[in-house]
>>> print(open('my_file.txt').read())   # compact mmCIF, C-alpha atoms and all ligand atoms
# COMPACT_ATOMS: atom_id res chain seq x y z
CA THR A 23 19.32 13.58 -9.23
CA SER A 24 15.97 15.25 -9.39
CA ALA A 25 13.67 12.29 -9.16
CA SER A 26 10.61 12.72 -11.30
CA PRO A 27 7.44 11.55 -9.62
CA HIS A 28 6.80 8.03 -10.62
CA ALA A 29 4.75 5.04 -9.78
CA ARG A 30 5.90 1.62 -10.88
CA PRO A 31 3.07 -0.87 -11.31
CA ILE A 32 3.75 -4.58 -10.93
CA VAL A 33 1.30 -7.48 -10.96
CA ARG A 34 0.92 -10.46 -8.68
CA VAL A 35 -1.35 -13.34 -9.63
CA ARG A 36 -2.38 -15.56 -6.73
CA PRO A 37 -2.93 -19.30 -7.14
CA LEU A 38 -6.46 -20.67 -7.52
CA THR A 39 -7.81 -21.46 -4.06
CA CYS A 40 -9.05 -24.95 -3.17
CA THR A 41 -12.63 -23.76 -3.36
CA GLU A 42 -12.09 -22.30 -6.81
CA THR A 43 -10.43 -25.48 -8.05
CA ARG A 44 -13.14 -27.67 -6.53
CA ARG A 45 -15.95 -25.80 -8.20
CA GLY A 46 -14.13 -25.99 -11.52
CA ASP A 47 -13.05 -22.38 -12.10
CA ARG A 48 -10.69 -22.02 -15.04
CA ARG A 49 -7.38 -20.16 -14.96
CA VAL A 50 -7.73 -17.25 -17.31
CA VAL A 51 -4.61 -15.29 -16.37
CA HIS A 52 -1.14 -16.31 -17.52
CA SER A 53 2.21 -14.63 -17.28
CA LEU A 54 4.00 -14.64 -20.62
CA GLY A 55 7.35 -13.61 -19.16
CA ASP A 56 9.08 -10.27 -19.63
CA GLY A 57 6.39 -8.39 -17.75
CA ALA A 58 3.56 -9.44 -20.03
CA VAL A 59 0.37 -10.79 -18.57
CA HIS A 60 -2.29 -12.39 -20.70
CA VAL A 61 -5.98 -12.60 -19.89
CA SER A 62 -7.82 -15.08 -22.04
CA ALA A 63 -11.53 -15.56 -22.09
CA ALA A 64 -14.12 -15.89 -24.80
CA ARG A 65 -14.59 -12.24 -25.59
CA HIS A 66 -11.86 -10.62 -23.51
CA ASP A 67 -8.51 -11.56 -24.90
CA ALA A 68 -5.96 -9.01 -23.74
CA THR A 69 -2.26 -8.66 -23.01
CA PHE A 70 -0.89 -6.03 -20.62
CA GLY A 71 2.72 -5.05 -20.07
CA PHE A 72 4.28 -4.17 -16.71
CA SER A 73 7.78 -3.94 -15.34
CA ALA A 74 7.28 -7.21 -13.49
CA VAL A 75 4.62 -9.90 -13.25
CA PHE A 76 4.64 -12.56 -10.55
CA ASP A 77 2.72 -15.67 -11.42
CA ALA A 78 0.91 -18.00 -9.03
CA ASP A 79 4.03 -19.98 -8.18
CA ALA A 80 6.16 -16.96 -7.21
CA SER A 81 7.35 -17.12 -3.60
CA GLN A 82 7.08 -14.24 -1.16
CA GLU A 83 10.86 -13.91 -1.35
CA ALA A 84 10.78 -13.75 -5.16
CA VAL A 85 8.22 -10.95 -4.98
CA PHE A 86 10.34 -9.04 -2.48
CA GLU A 87 13.53 -9.43 -4.50
CA GLY A 88 11.96 -8.84 -7.88
CA SER A 89 9.74 -5.90 -7.01
CA GLY A 90 12.51 -3.40 -6.34
CA MET A 91 11.44 -3.25 -2.69
CA ARG A 92 15.01 -3.39 -1.40
CA GLN A 93 15.93 -0.30 -3.43
CA LEU A 94 12.82 1.45 -2.11
CA VAL A 95 13.95 0.81 1.47
CA GLU A 96 17.35 2.28 0.62
CA MET A 97 15.79 5.36 -0.96
CA ALA A 98 13.64 5.89 2.13
CA ILE A 99 16.81 5.80 4.24
CA ASP A 100 18.25 8.38 1.88
CA GLY A 101 15.36 10.72 2.67
CA PHE A 102 12.79 10.00 -0.02
CA SER A 103 9.08 9.39 0.54
CA CYS A 104 8.48 5.87 -0.63
CA THR A 105 5.12 4.16 -0.85
CA VAL A 106 3.99 0.66 -1.67
CA PHE A 107 0.36 0.02 -2.21
CA ALA A 108 -1.51 -3.18 -2.86
CA PHE A 109 -4.85 -2.98 -4.63
CA GLY A 110 -7.30 -5.33 -6.26
CA GLN A 111 -10.62 -6.93 -5.42
CA THR A 112 -11.28 -8.51 -2.03
CA GLY A 113 -9.59 -11.92 -1.86
CA SER A 114 -7.02 -11.14 -4.57
CA GLY A 115 -4.03 -11.39 -2.19
CA LYS A 116 -3.33 -7.81 -1.07
CA THR A 117 -2.87 -8.61 2.60
CA TYR A 118 -1.03 -11.84 1.77
CA THR A 119 1.44 -9.94 -0.41
CA LEU A 120 2.04 -7.22 2.16
CA MET A 121 2.00 -9.26 5.36
CA GLY A 122 1.71 -12.94 4.49
CA PRO A 123 -0.94 -15.14 6.08
CA LEU A 124 -1.25 -13.17 9.31
CA ALA A 125 -0.42 -15.25 12.34
CA GLN A 126 -3.68 -16.27 13.97
CA SER A 127 -2.20 -15.47 17.33
CA GLU A 128 1.11 -14.48 18.84
CA THR A 129 1.63 -18.11 19.87
CA GLN A 130 1.31 -19.39 16.32
CA PRO A 131 3.56 -17.20 14.21
CA ALA A 132 3.54 -17.44 10.44
CA SER A 133 6.30 -19.42 8.78
CA PRO A 134 9.26 -17.15 7.91
CA ALA A 135 9.09 -18.21 4.26
CA LEU A 136 5.59 -16.76 4.03
CA LEU A 137 6.33 -13.35 5.49
CA GLY A 138 5.25 -10.53 3.23
CA LEU A 139 6.81 -7.40 1.78
CA MET A 140 6.38 -5.50 5.04
CA GLN A 141 8.27 -7.83 7.38
CA ARG A 142 10.98 -8.33 4.74
CA SER A 143 11.37 -4.57 4.33
CA PHE A 144 11.54 -4.08 8.10
CA ALA A 145 14.32 -6.66 8.30
CA CYS A 146 16.18 -4.96 5.47
CA LEU A 147 15.73 -1.55 7.10
CA LEU A 148 16.96 -2.74 10.50
CA GLU A 149 19.98 -4.46 8.94
CA GLN A 150 20.90 -1.20 7.22
CA SER A 151 20.25 0.74 10.37
CA GLN A 152 22.52 -1.54 12.41
CA SER A 153 25.29 -1.37 9.86
CA ARG A 154 25.15 2.41 10.03
CA GLY A 155 25.53 2.46 13.78
CA SER A 156 22.81 4.31 15.66
CA ASP A 157 22.40 7.23 13.32
CA LEU A 158 18.90 6.31 12.16
CA ALA A 159 15.93 7.02 14.41
CA LEU A 160 12.96 4.87 13.45
CA SER A 161 9.32 5.29 14.36
CA ALA A 162 6.04 3.98 13.04
CA SER A 163 2.47 5.17 12.72
CA TYR A 164 -0.49 3.09 11.61
CA LEU A 165 -3.75 4.59 10.40
CA GLU A 166 -6.88 3.42 8.70
CA ILE A 167 -9.29 5.37 6.55
CA TYR A 168 -12.82 4.11 6.91
CA ASN A 169 -15.76 6.04 5.46
CA GLU A 170 -13.44 9.02 4.88
CA GLN A 171 -12.50 9.10 8.56
CA VAL A 172 -8.92 8.72 9.70
CA ARG A 173 -8.37 6.51 12.74
CA ASP A 174 -5.26 5.69 14.68
CA LEU A 175 -4.62 1.95 14.91
CA LEU A 176 -1.81 2.27 17.46
CA SER A 177 -3.33 4.42 20.18
CA PRO A 178 -4.88 2.47 23.06
CA GLY A 179 -8.62 2.39 23.61
CA PRO A 180 -11.34 2.35 20.98
CA PRO A 181 -10.15 3.78 17.66
CA CYS A 182 -10.75 7.52 17.62
CA THR A 183 -11.12 9.76 14.59
CA LEU A 184 -8.28 12.20 13.99
CA PRO A 185 -8.39 15.41 11.95
CA LEU A 186 -6.41 15.64 8.73
CA ARG A 187 -4.87 19.11 8.40
CA TRP A 188 -2.65 21.03 6.06
CA SER A 189 0.12 23.49 6.77
CA LYS A 190 2.58 25.29 4.58
CA THR A 191 5.56 23.66 6.22
CA ARG A 192 4.29 20.14 6.76
CA GLY A 193 1.84 19.67 3.90
CA PHE A 194 -1.01 17.33 4.81
CA TYR A 195 -0.69 15.71 8.22
CA VAL A 196 -2.82 13.91 10.76
CA GLU A 197 -3.14 15.80 13.99
CA ASN A 198 -2.23 13.88 17.14
CA GLN A 199 -1.37 10.67 15.39
CA LEU A 200 0.71 8.38 17.50
CA SER A 201 4.21 7.67 16.29
CA VAL A 202 5.99 4.91 18.19
CA GLY A 203 9.77 4.59 18.18
CA PHE A 204 11.30 1.15 17.64
CA GLU A 205 14.75 -0.36 17.43
CA SER A 206 14.22 -4.03 16.74
CA LEU A 207 12.46 -6.23 14.23
CA GLU A 208 10.39 -7.81 17.02
CA ALA A 209 9.17 -4.37 18.12
CA ILE A 210 7.98 -3.23 14.69
CA VAL A 211 6.41 -6.60 13.85
CA SER A 212 4.53 -6.45 17.12
CA LEU A 213 3.25 -2.94 16.29
CA LEU A 214 2.09 -4.26 12.93
CA LEU A 215 0.24 -7.16 14.55
CA GLN A 216 -1.33 -4.96 17.23
CA GLY A 217 -2.57 -2.45 14.69
CA SER A 218 -3.85 -5.11 12.28
CA GLN A 219 -5.67 -6.77 15.15
CA ARG A 220 -7.37 -3.48 15.98
CA ARG A 221 -8.29 -3.00 12.36
CA ARG A 222 -9.93 -6.40 12.22
CA THR A 223 -11.77 -6.25 15.50
CA SER A 224 -13.17 -2.76 15.16
CA ALA A 225 -16.16 -4.14 13.27
CA HIS A 226 -18.48 -7.10 13.82
CA ALA A 227 -17.95 -8.72 10.46
CA LEU A 228 -14.20 -9.05 10.31
CA ASN A 229 -13.52 -9.39 6.63
CA ARG A 230 -16.18 -6.93 5.71
CA HIS A 231 -14.51 -4.18 7.63
CA SER A 232 -10.97 -4.73 6.44
CA SER A 233 -12.08 -4.99 2.83
CA ARG A 234 -13.77 -1.60 3.18
CA SER A 235 -11.01 0.37 4.81
CA HIS A 236 -7.57 1.48 3.69
CA ALA A 237 -4.72 0.77 6.12
CA LEU A 238 -1.53 2.84 6.04
CA LEU A 239 1.53 1.91 8.03
CA THR A 240 4.28 4.52 7.78
CA ILE A 241 7.86 4.15 8.95
CA HIS A 242 9.54 7.48 9.62
CA ILE A 243 13.28 7.32 9.14
CA CYS A 244 15.22 10.15 10.60
CA SER A 245 18.85 10.26 9.75
CA ARG A 246 20.74 12.00 12.52
CA ALA A 247 24.23 11.24 11.25
CA HIS A 248 25.96 14.22 12.76
CA TYR A 249 24.29 14.21 16.13
CA SER A 250 24.95 12.32 19.29
CA PRO A 251 23.19 8.95 19.32
CA ASN A 252 22.21 9.66 22.92
CA VAL A 253 19.98 12.54 21.97
CA VAL A 254 16.50 11.31 21.20
CA LEU A 255 14.82 13.62 18.77
CA GLN A 256 11.17 14.05 17.95
CA PRO A 257 10.56 13.54 14.23
CA SER A 258 9.34 17.13 13.99
CA ALA A 259 12.59 18.41 15.49
CA CYS A 260 14.63 16.31 13.14
CA PRO A 261 17.69 18.23 12.00
CA SER A 262 18.59 16.29 8.91
CA LYS A 263 17.09 14.03 6.28
CA GLN A 264 13.76 12.43 6.93
CA GLY A 265 12.49 9.68 4.71
CA THR A 266 9.32 7.65 4.93
CA LEU A 267 8.35 4.17 3.89
CA CYS A 268 4.62 3.74 3.70
CA PHE A 269 2.70 0.50 3.14
CA VAL A 270 -0.91 0.81 2.03
CA ASP A 271 -3.40 -2.05 2.04
CA LEU A 272 -6.24 -0.57 0.00
CA ALA A 273 -9.92 -1.36 0.32
CA GLY A 274 -11.29 -3.98 -2.09
CA SER A 275 -11.64 -2.38 -5.51
CA GLU A 276 -14.87 -4.21 -6.34
CA ARG A 277 -16.58 -1.38 -4.44
CA VAL A 278 -15.67 0.95 -7.25
CA LYS A 279 -18.73 -0.24 -9.13
CA GLU A 280 -22.01 1.57 -8.95
CA THR A 281 -23.91 -0.25 -6.27
CA GLY A 282 -27.62 -0.12 -5.84
CA SER A 283 -27.21 -0.49 -2.11
CA SER A 284 -28.66 1.87 0.42
CA GLY A 285 -27.89 3.30 3.84
CA GLU A 286 -24.65 2.29 5.48
CA LEU A 287 -23.49 0.21 2.53
CA SER A 288 -23.82 3.02 0.06
CA VAL A 289 -21.93 5.40 2.36
CA GLU A 290 -19.08 2.88 2.46
CA ALA A 291 -19.20 2.26 -1.27
CA ASN A 292 -19.20 5.97 -1.98
CA SER A 293 -16.17 6.67 0.17
CA ILE A 294 -14.25 3.77 -1.35
CA ASN A 295 -15.27 4.86 -4.84
CA ARG A 296 -14.22 8.36 -4.12
CA SER A 297 -10.78 7.53 -2.78
CA LEU A 298 -9.83 4.83 -5.27
CA LEU A 299 -11.02 6.95 -8.18
CA ALA A 300 -9.18 9.99 -6.80
CA LEU A 301 -6.03 7.93 -6.39
CA GLY A 302 -6.27 6.56 -9.93
CA HIS A 303 -6.87 10.05 -11.24
CA CYS A 304 -3.85 11.57 -9.44
CA ILE A 305 -1.62 8.71 -10.57
CA SER A 306 -2.62 8.98 -14.20
CA LEU A 307 -2.11 12.75 -14.18
CA LEU A 308 1.31 12.30 -12.60
CA ALA A 309 2.22 9.70 -15.22
CA LYS A 310 1.54 12.09 -18.10
CA PRO A 311 4.25 14.37 -19.35
CA ARG A 312 2.98 17.63 -17.98
CA GLY A 313 3.35 21.33 -18.07
CA LYS A 314 4.30 23.31 -15.01
CA TRP A 315 0.76 24.12 -14.08
CA THR A 316 -0.98 20.77 -14.13
CA HIS A 317 -3.18 20.62 -11.09
CA ILE A 318 -3.09 17.32 -9.22
CA PRO A 319 -6.34 16.94 -7.25
CA TYR A 320 -4.91 15.53 -4.01
CA ARG A 321 -7.69 17.22 -2.07
CA ASP A 322 -10.33 14.97 -3.60
CA SER A 323 -10.02 12.32 -0.88
CA LYS A 324 -8.38 11.66 2.49
CA LEU A 325 -6.33 8.89 0.90
CA THR A 326 -4.80 11.13 -1.76
CA ARG A 327 -4.15 13.88 0.79
CA LEU A 328 -2.26 11.44 2.98
CA LEU A 329 -0.31 10.15 0.00
CA ALA A 330 0.28 13.55 -1.61
CA ARG A 331 3.91 13.77 -0.62
CA SER A 332 4.80 10.29 -1.80
CA LEU A 333 2.85 10.48 -5.04
CA GLY A 334 4.19 13.82 -6.14
CA GLY A 335 7.37 15.71 -5.40
CA SER A 336 10.26 13.41 -4.74
CA GLY A 337 8.09 10.42 -3.98
CA ILE A 338 8.56 6.95 -5.33
CA THR A 339 5.65 4.57 -5.51
CA LEU A 340 5.39 0.85 -6.08
CA MET A 341 1.88 -0.27 -7.00
CA VAL A 342 1.19 -3.95 -6.57
CA ALA A 343 -1.86 -4.98 -8.58
CA CYS A 344 -3.19 -8.18 -7.04
CA ILE A 345 -5.33 -10.42 -9.19
CA SER A 346 -7.06 -13.77 -9.01
CA PRO A 347 -6.53 -16.16 -11.94
CA SER A 348 -10.10 -17.43 -11.80
CA SER A 349 -12.54 -17.17 -14.68
CA ARG A 350 -15.13 -15.95 -12.18
CA CYS A 351 -13.07 -12.88 -11.34
CA LEU A 352 -12.49 -11.91 -14.96
CA SER A 353 -14.15 -8.51 -14.98
CA GLU A 354 -12.54 -7.41 -11.68
CA THR A 355 -9.18 -8.65 -12.94
CA LEU A 356 -9.48 -6.62 -16.13
CA SER A 357 -10.48 -3.55 -14.19
CA THR A 358 -7.49 -3.95 -11.82
CA LEU A 359 -5.11 -4.32 -14.78
CA HIS A 360 -6.57 -1.24 -16.46
CA TYR A 361 -6.22 0.70 -13.23
CA ALA A 362 -2.57 -0.33 -12.91
CA SER A 363 -1.92 0.55 -16.54
CA ARG A 364 -2.90 4.15 -15.89
CA ALA A 365 0.30 4.59 -13.93
CA ARG A 366 2.59 3.71 -16.77
CA ARG A 367 4.49 6.76 -17.77
CA VAL A 368 4.01 7.82 -21.34
CA THR A 369 7.59 8.11 -22.43
CA THR A 370 8.20 10.61 -25.17
CA ARG A 371 11.48 10.57 -27.00
CA PRO A 372 12.99 13.97 -27.60
P1 LIG B 1 -7.18 -9.51 0.15
O1 LIG B 1 -6.35 -8.90 1.23
O2 LIG B 1 -6.87 -8.93 -1.21
O3 LIG B 1 -8.64 -9.48 0.44
P2 LIG B 1 -5.96 -11.97 1.02
O4 LIG B 1 -4.53 -11.53 1.06
O5 LIG B 1 -6.66 -12.04 2.33
O6 LIG B 1 -6.80 -11.06 0.01
O7 LIG B 1 -6.00 -13.36 0.24
C1 LIG B 1 -7.18 -14.14 0.10
C2 LIG B 1 -6.83 -15.61 0.33
O8 LIG B 1 -5.93 -16.11 -0.65
C3 LIG B 1 -6.17 -15.85 1.67
O9 LIG B 1 -6.61 -17.07 2.19
C4 LIG B 1 -4.69 -15.93 1.31
O10 LIG B 1 -3.97 -16.70 2.26
C5 LIG B 1 -4.73 -16.57 -0.06
N1 LIG B 1 -3.61 -16.12 -0.90
C6 LIG B 1 -3.49 -14.90 -1.45
N2 LIG B 1 -2.37 -14.79 -2.19
C7 LIG B 1 -1.75 -15.99 -2.10
C8 LIG B 1 -0.53 -16.53 -2.64
N3 LIG B 1 0.27 -15.79 -3.44
N4 LIG B 1 -0.21 -17.81 -2.35
C9 LIG B 1 -1.02 -18.56 -1.57
N5 LIG B 1 -2.17 -18.10 -1.02
C10 LIG B 1 -2.54 -16.85 -1.27
MG MG B 2 -6.98 -7.90 2.94
>>> encode(input="my_file.txt", output="structure tokens", more="lines below")
Ligand code: ADP
Ligand code: MG
Amino acid sequence: TSASPHARPIVRVRPLTCTETRRGDRRVVHSLGDGAVHVSAARHDATFGFSAVFDADASQEAVFEGSGMRQLVEMAIDGFSCTVFAFGQTGSGKTYTLMGPLAQSETQPASPALLGLMQRSFACLLEQSQSRGSDLALSASYLEIYNEQVRDLLSPGPPCTLPLRWSKTRGFYVENQLSVGFESLEAIVSLLLQGSQRRRTSAHALNRHSSRSHALLTIHICSRAHYSPNVVLQPSACPSKQGTLCFVDLAGSERVKETGSSGELSVEANSINRSLLALGHCISLLAKPRGKWTHIPYRDSKLTRLLARSLGGSGITLMVACISPSSRCLSETLSTLHYASRARRVTTRP
């Protein structure tokens, strides 16, 4: 089938935190079932519809099973470019949804029930890979975009900036990015932890940095069905299908506002603004029924360049809008829901 470009938005509402409950925040977000989510507050009463809404009591497993993630993993194995991205304001549960509460250290791993979409997808991918014998070659790369600079989170030493280039054959690509082969769940989870550790420690204020950068972990899946399993191939020399599964933990969307800040802060805010707005713009253009010549402005940001293949062409995207139920987050919650709504395809009946 010729897959039309599409992005499926789903919503996850996190529970109120202890702090929020203690200070008496009200819950203003409620799932009405059937993909409807209701935001109720004095002057902002609104209902939004999505293909799935996960309320505060939904388990990590329920989100994995109900989000269509398993099918996305299968499509990536079949050679498609699949992307999952989590967005929403800082503290809305993006990292929790993707990775779970990250283990504080290697000696204190997170409870298996709390593992996020990423670890669950890796497990699903490796199961599939094992059942197919050794005909899938798997490798991973992990990048972050901070202030419109692309950095490799897997290469040793201090994170260095890599150039983002374009070629006719490859499309947009990051020059010299490290891609590490893996064959087991332990190996890929350890790459994820290493990279996330580097992301968090590359700035003095830990949370500040990670809420201002986008992190992209990409699994390259090379299907080498008709070749000897003993021949190790570079992804670029891959003879058959190559799919990708990309997980994107986006910068906190509260930066999208006009900020009166100066210096370093405004540089950060501007680059986050630019990339989240560019992403929203590309997605809404892709969601419209369009003529042959609609121009999709991927070049407007590093983020959209890196995601160009998965957003357009034969890409499949799952957007996870993360929101807080608290009355204090109302305006950010509404803006996240509006952003997610832009991706809904306008279906026209012939
Ligand atoms: P973000 O990455 O969007 O900034 P986090 O994922 O770090 O937000 O979540 C903020 C806090 O809320 C963390 O302490 C996290 O453990 C908690 N949290 C988020 N989502 C959930 C959830 N669904 N269930 C329980 N706790 C959650
Ligand atoms: Mg986070």
>>> closest_atom_pairs(input="my_file.txt", of="chain A", to="ligand LIG 1 (chain B)", cutoff="9 Å", atoms="all atoms listed in the file", output="Markdown table")
| residue | atom | partner | partner_atom | distance |
| --- | --- | --- | --- | --- |
| A:Arg34 | CA | B:LIG1 | N3 | 7.5 |
| A:Val35 | CA | B:LIG1 | N3 | 6.9 |
| A:Arg36 | CA | B:LIG1 | N3 | 4.2 |
| A:Pro37 | CA | B:LIG1 | N4 | 5.7 |
| A:Leu38 | CA | B:LIG1 | N5 | 8.2 |
| A:Thr39 | CA | B:LIG1 | O8 | 6.6 |
| A:Phe76 | CA | B:LIG1 | N3 | 8.9 |
| A:Asp77 | CA | B:LIG1 | N3 | 8.3 |
| A:Ala78 | CA | B:LIG1 | N3 | 6.0 |
| A:Asp79 | CA | B:LIG1 | N3 | 7.4 |
| A:Ala80 | CA | B:LIG1 | N3 | 7.1 |
| A:Ser81 | CA | B:LIG1 | N3 | 7.2 |
| A:Gln82 | CA | B:LIG1 | N3 | 7.3 |
| A:Ala108 | CA | B:LIG1 | O2 | 8.0 |
| A:Phe109 | CA | B:LIG1 | O2 | 7.2 |
| A:Gly110 | CA | B:LIG1 | O2 | 6.2 |
| A:Gln111 | CA | B:LIG1 | O2 | 6.0 |
| A:Thr112 | CA | B:LIG1 | O3 | 3.7 |
| A:Gly113 | CA | B:LIG1 | O6 | 3.5 |
| A:Ser114 | CA | B:LIG1 | O2 | 4.0 |
| A:Gly115 | CA | B:LIG1 | O4 | 3.3 |
| A:Lys116 | CA | B:LIG1 | O2 | 3.7 |
| A:Thr117 | CA | B:LIG1 | O4 | 3.7 |
| A:Tyr118 | CA | B:LIG1 | O4 | 3.6 |
| A:Thr119 | CA | B:LIG1 | O4 | 6.4 |
| A:Leu120 | CA | B:LIG1 | O4 | 7.9 |
| A:Met121 | CA | B:LIG1 | O4 | 8.1 |
| A:Gly122 | CA | B:LIG1 | O10 | 7.2 |
| A:Pro123 | CA | B:LIG1 | O10 | 5.1 |
| A:Leu124 | CA | B:LIG1 | O10 | 8.3 |
| A:Leu136 | CA | B:LIG1 | N4 | 8.7 |
| A:Asn229 | CA | B:LIG1 | O3 | 7.9 |
| A:Ser232 | CA | B:LIG1 | O3 | 8.0 |
| A:Ser233 | CA | B:LIG1 | O3 | 6.1 |
| A:Asp271 | CA | B:LIG1 | O1 | 7.5 |
| A:Leu272 | CA | B:LIG1 | O1 | 8.4 |
| A:Ala273 | CA | B:LIG1 | O3 | 8.2 |
| A:Gly274 | CA | B:LIG1 | O3 | 6.6 |
| A:Cys344 | CA | B:LIG1 | O2 | 6.9 |
| A:Ile345 | CA | B:LIG1 | O2 | 8.3 |
| A:Ser346 | CA | B:LIG1 | N2 | 8.3 |
>>> atom_distance(input="my_file.txt", atom1="atom CA of A:Pro134", atom2="atom CA of A:Glu87")
15.2 Å
>>> closest_residue(input="my_file.txt", among="A:Ser288, A:Ser143, A:Ser275, A:Ser306", to="A:Thr355", atoms="all atoms listed in the file")
A:Ser275
>>> axis_aligned_box(input="my_file.txt", around="stretch 195-211 of chain A", padding_each_side="4 Å", output="lines of an AutoDock Vina configuration file")
center_x = 5.8
center_y = 4.0
center_z = 13.2
size_x = 25.9
size_y = 31.6
size_z = 18.0
>>> closest_residue(input="my_file.txt", among="A:Val270, A:Cys182, A:Val33, A:Leu359", to="ligand MG 2 (chain B)", atoms="only C-alpha atoms and all ligand atoms")
A:Val270
>>> residues_around(input="my_file.txt", residues="A:Val172", least_positions_apart="4", cutoff="8 Å", atoms="only C-alpha atoms", output="JSON, numbers by chain")
{"A": [165, 166, 167, 168, 183, 184, 185, 186, 324]}
>>> atom_distance(input="my_file.txt", atom1="atom CA of A:Ala29", atom2="atom CA of A:Ala162")
22.9 Å
>>> build_atoms(input="my_file.txt", residues="stretch 57-74 of chain A", atoms="N, CA and C atoms", output="compact mmCIF listing (two decimals), in the frame of the given file")
# COMPACT_ATOMS: atom_id res chain seq x y z
N GLY A 57 7.34 -9.41 -18.21
CA GLY A 57 6.39 -8.39 -17.75
C GLY A 57 5.06 -8.41 -18.46
N ALA A 58 4.84 -9.39 -19.32
CA ALA A 58 3.56 -9.44 -20.03
C ALA A 58 2.60 -10.38 -19.31
N VAL A 59 1.37 -9.94 -19.18
CA VAL A 59 0.37 -10.79 -18.57
C VAL A 59 -0.81 -10.90 -19.52
N HIS A 60 -1.27 -12.14 -19.71
CA HIS A 60 -2.29 -12.39 -20.70
C HIS A 60 -3.58 -12.85 -20.04
N VAL A 61 -4.68 -12.21 -20.41
CA VAL A 61 -5.98 -12.60 -19.89
C VAL A 61 -6.75 -13.18 -21.05
N SER A 62 -7.15 -14.46 -20.92
CA SER A 62 -7.82 -15.08 -22.04
C SER A 62 -9.20 -15.58 -21.63
N ALA A 63 -10.18 -15.08 -22.30
CA ALA A 63 -11.53 -15.56 -22.09
C ALA A 63 -12.27 -15.26 -23.37
N ALA A 64 -13.38 -15.96 -23.55
CA ALA A 64 -14.12 -15.89 -24.80
C ALA A 64 -14.04 -14.55 -25.53
N ARG A 65 -14.54 -13.50 -24.86
CA ARG A 65 -14.59 -12.24 -25.59
C ARG A 65 -13.65 -11.17 -25.05
N HIS A 66 -12.77 -11.60 -24.11
CA HIS A 66 -11.86 -10.62 -23.51
C HIS A 66 -10.45 -11.13 -23.60
N ASP A 67 -9.86 -11.09 -24.74
CA ASP A 67 -8.51 -11.56 -24.90
C ASP A 67 -7.62 -10.33 -24.85
N ALA A 68 -6.76 -10.23 -23.84
CA ALA A 68 -5.96 -9.01 -23.74
C ALA A 68 -4.60 -9.29 -23.13
N THR A 69 -3.59 -8.56 -23.58
CA THR A 69 -2.26 -8.66 -23.01
C THR A 69 -1.86 -7.29 -22.47
N PHE A 70 -1.32 -7.28 -21.25
CA PHE A 70 -0.89 -6.03 -20.62
C PHE A 70 0.61 -6.14 -20.34
N GLY A 71 1.29 -5.02 -20.37
CA GLY A 71 2.72 -5.05 -20.07
C GLY A 71 3.05 -4.26 -18.81
N PHE A 72 3.86 -4.83 -17.94
CA PHE A 72 4.28 -4.17 -16.71
C PHE A 72 5.77 -4.37 -16.52
N SER A 73 6.35 -3.72 -15.50
CA SER A 73 7.78 -3.94 -15.34
C SER A 73 8.06 -5.30 -14.70
N ALA A 74 7.10 -5.85 -14.02
CA ALA A 74 7.28 -7.21 -13.49
C ALA A 74 5.92 -7.84 -13.25
